[in-house]
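> Quick one, final36.cif (mmCIF, C-alpha atoms):
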data_run
#
loop_
_atom_site.label_atom_id
_atom_site.label_comp_id
_atom_site.auth_asym_id
_atom_site.auth_seq_id
_atom_site.Cartn_x
_atom_site.Cartn_y
_atom_site.Cartn_z
CA MET Z 1 304.27 18.28 70.75
CA SER Z 2 301.14 16.21 70.51
CA GLU Z 3 300.85 13.03 72.45
CA HIS Z 4 300.70 9.81 70.39
CA ARG Z 5 297.56 7.79 71.12
CA GLU Z 6 296.61 4.35 69.95
CA PRO Z 7 293.56 4.24 67.66
CA SER Z 8 290.35 3.00 69.20
CA PRO Z 9 289.23 -0.57 68.45
CA SER Z 10 286.29 0.76 66.42
CA ALA Z 11 288.64 2.89 64.30
CA VAL Z 12 290.84 -0.16 63.65
CA ARG Z 13 287.77 -2.22 62.60
CA ALA Z 14 286.53 0.57 60.34
CA SER Z 15 289.95 0.86 58.75
CA ARG Z 16 290.07 -2.88 58.04
CA ASP Z 17 286.53 -2.81 56.60
CA VAL Z 18 287.34 0.10 54.29
CA ARG Z 19 290.55 -1.59 53.17
CA ALA Z 20 288.65 -4.80 52.36
CA VAL Z 21 286.02 -2.91 50.36
CA ILE Z 22 288.67 -1.03 48.40
CA GLY Z 23 290.44 -4.32 47.63
CA ARG Z 24 287.23 -5.89 46.31
CA LEU Z 25 286.48 -2.79 44.25
CA ARG Z 26 289.96 -2.80 42.71
CA ARG Z 27 289.59 -6.47 41.76
CA ARG Z 28 286.20 -5.82 40.15
CA ILE Z 29 287.53 -2.85 38.17
CA ARG Z 30 290.48 -4.90 36.95
CA ALA Z 31 288.18 -7.78 35.98
CA ALA Z 32 285.90 -5.41 34.07
CA GLY Z 33 288.90 -3.96 32.26
CA ASP Z 34 290.07 -7.41 31.20
CA THR Z 35 286.96 -8.15 29.18
CA GLY Z 36 288.43 -6.50 26.11
CA ASP Z 37 285.23 -4.57 25.48
CA MET Z 38 286.12 -1.04 26.50
CA SER Z 39 288.73 0.56 28.72
CA LEU Z 40 287.84 2.82 31.62
CA THR Z 41 289.42 5.72 29.74
CA GLN Z 42 287.25 5.06 26.69
CA ALA Z 43 284.13 4.89 28.87
CA SER Z 44 285.10 8.15 30.57
CA VAL Z 45 285.62 9.89 27.22
CA LEU Z 46 282.20 8.72 26.02
CA ALA Z 47 280.64 10.07 29.22
CA ARG Z 48 282.35 13.44 28.67
CA LEU Z 49 281.11 13.58 25.10
CA THR Z 50 277.50 12.91 26.11
CA ASP Z 51 277.65 16.01 28.33
CA ASN Z 52 279.16 18.23 25.60
CA GLU Z 53 278.25 19.00 22.00
CA GLY Z 54 281.77 18.33 20.79
CA LEU Z 55 285.28 18.58 22.16
CA THR Z 56 288.70 18.57 20.57
CA VAL Z 57 291.27 15.91 21.36
CA SER Z 58 293.19 18.59 23.26
CA ASP Z 59 290.10 19.45 25.32
CA LEU Z 60 289.55 15.79 26.18
CA ALA Z 61 293.21 15.26 27.06
CA ALA Z 62 293.17 18.23 29.42
CA ILE Z 63 289.91 17.14 31.08
CA GLU Z 64 291.15 13.57 31.56
CA GLY Z 65 294.66 14.64 32.60
CA MET Z 66 296.30 12.73 29.76
CA ARG Z 67 298.89 13.43 27.11
CA HIS Z 68 297.51 14.54 23.74
CA GLN Z 69 299.04 11.49 22.04
CA SER Z 70 297.36 9.09 24.46
CA MET Z 71 293.99 10.75 23.90
CA THR Z 72 294.49 10.55 20.14
CA THR Z 73 294.91 6.78 20.50
CA THR Z 74 291.80 6.54 22.68
CA VAL Z 75 289.71 8.58 20.24
CA ALA Z 76 290.99 6.51 17.30
CA ALA Z 77 289.87 3.32 19.04
CA LEU Z 78 286.42 4.78 19.73
CA THR Z 79 286.18 5.96 16.12
CA GLY Z 80 287.11 2.47 14.93
CA LEU Z 81 284.28 1.04 17.05
CA GLY Z 82 281.88 3.51 15.45
CA LEU Z 83 281.13 5.17 18.81
CA VAL Z 84 282.44 8.66 17.97
CA GLU Z 85 283.07 10.68 14.87
CA ARG Z 86 285.25 13.63 13.99
CA ARG Z 87 283.52 16.72 12.62
CA ARG Z 88 284.78 20.08 11.43
CA ASP Z 89 284.11 22.88 13.89
CA PRO Z 90 281.49 25.13 12.23
CA GLY Z 91 283.12 28.18 13.82
CA ASP Z 92 286.70 27.24 12.88
CA GLY Z 93 287.05 24.78 10.02
CA ARG Z 94 290.65 24.02 11.00
CA ARG Z 95 289.56 22.35 14.23
CA LEU Z 96 288.11 18.86 14.52
CA LEU Z 97 285.46 18.20 17.13
CA ILE Z 98 284.84 14.74 18.54
CA ALA Z 99 281.15 13.91 18.89
#
Rewrite the structure of this file - the entire thing - as structure tokens.

Amino acid sequence: MSEHREPSPSAVRASRDVRAVIGRLRRRIRAAGDTGDMSLTQASVLARLTDNEGLTVSDLAAIEGMRHQSMTTTVAALTGLGLVERRRDPGDGRRLLIA
């Protein structure tokens, strides 16, 4: 079995510094999310759509690791803000693409 060693003082300091930075970052992210402007999920979806011509709600849900229903709500909010629109897929008129 391996021998248990105490971490070096520099490793302990680095760990504390990283933990402090992560704490500050979490607080800033939460504060930004509380503005009521746009959620992080909505911002992420907009970023995905700028990199792609058009994606379906199912595509977006899979990329973001979300349930289809949750992505539908996110897309509806972005549509309501006038930031995205739904278009018929020219190759398959049954599908709606988000752009």
> Counting all atoms listed in the file, which of Z:Thr41, Z:Thr79, Z:Pro90, Z:Leu49 gets nearest to Met66 of chain Z?
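Among the listed residues, Z:Thr41 lies closest to Met66 of chain Z.
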> Could you jot down the atom CA of Arg94 of chain Z to atom CA of Asn52 of chain Z separation for me, Å, one decimal place?
19.5 Å
> Could you work out an axis-aligned bounding box for all listed atoms of segment 66-81 of chain Z, with 6 Å added on each of the six sides, and give its centre and edge lengths in Å to one decimal, as AutoDock Vina command-line options?

--center_x 291.7 --center_y 7.8 --center_z 22.3 --size_x 26.8 --size_y 25.5 --size_z 26.8
> Give me, please, the distance in Å between atom CA of Arg87 of chain Z and atom CA of Ser39 of chain Z, quoted to one decimal.
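We find that atom CA of Arg87 of chain Z and atom CA of Ser39 of chain Z lie 23.4 Å from each other.
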> Tell me, in Å to one decimal, how far atom CA of Ala47 of chain Z is from atom CA of Leu78 of chain Z.
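So the two atoms, atom CA of Ala47 of chain Z and atom CA of Leu78 of chain Z, lie 12.3 Å apart.
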> Taking (282.5, 4.1, 27.2) as a centre in this file's frame and 12 Å as the limit, can you find every polymer residue with an atom that close, using all atoms listed in the file, and give them as a list in words?
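Nearby residues: Gly33, Asp37, Met38, Ser39, Leu40, Thr41, Gln42, Ala43, Ser44, Val45, Leu46, Ala47, Arg48, Leu49, Thr50, Thr74, Val75, Ala77, Leu78, Thr79, Leu81, Gly82, Leu83 and Val84 of chain Z.
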> Please check which residues have atoms at most 12 Å from (290.7, 22.5, 13.4) in the file's coordinates, counting only C-alpha atoms, and write them as a short mmCIF file (atom, residue, chain, number, x, y, z; two decimals) with C-alpha atoms, in the frame of the given file.

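Written file, result_12.cif:
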data_model
loop_
_atom_site.label_atom_id
_atom_site.label_comp_id
_atom_site.auth_asym_id
_atom_site.auth_seq_id
_atom_site.Cartn_x
_atom_site.Cartn_y
_atom_site.Cartn_z
CA LEU Z 55 285.28 18.58 22.16
CA THR Z 56 288.70 18.57 20.57
CA VAL Z 57 291.27 15.91 21.36
CA SER Z 58 293.19 18.59 23.26
CA ARG Z 86 285.25 13.63 13.99
CA ARG Z 87 283.52 16.72 12.62
CA ARG Z 88 284.78 20.08 11.43
CA ASP Z 89 284.11 22.88 13.89
CA PRO Z 90 281.49 25.13 12.23
CA GLY Z 91 283.12 28.18 13.82
CA ASP Z 92 286.70 27.24 12.88
CA GLY Z 93 287.05 24.78 10.02
CA ARG Z 94 290.65 24.02 11.00
CA ARG Z 95 289.56 22.35 14.23
CA LEU Z 96 288.11 18.86 14.52
CA LEU Z 97 285.46 18.20 17.13
CA ILE Z 98 284.84 14.74 18.54
#
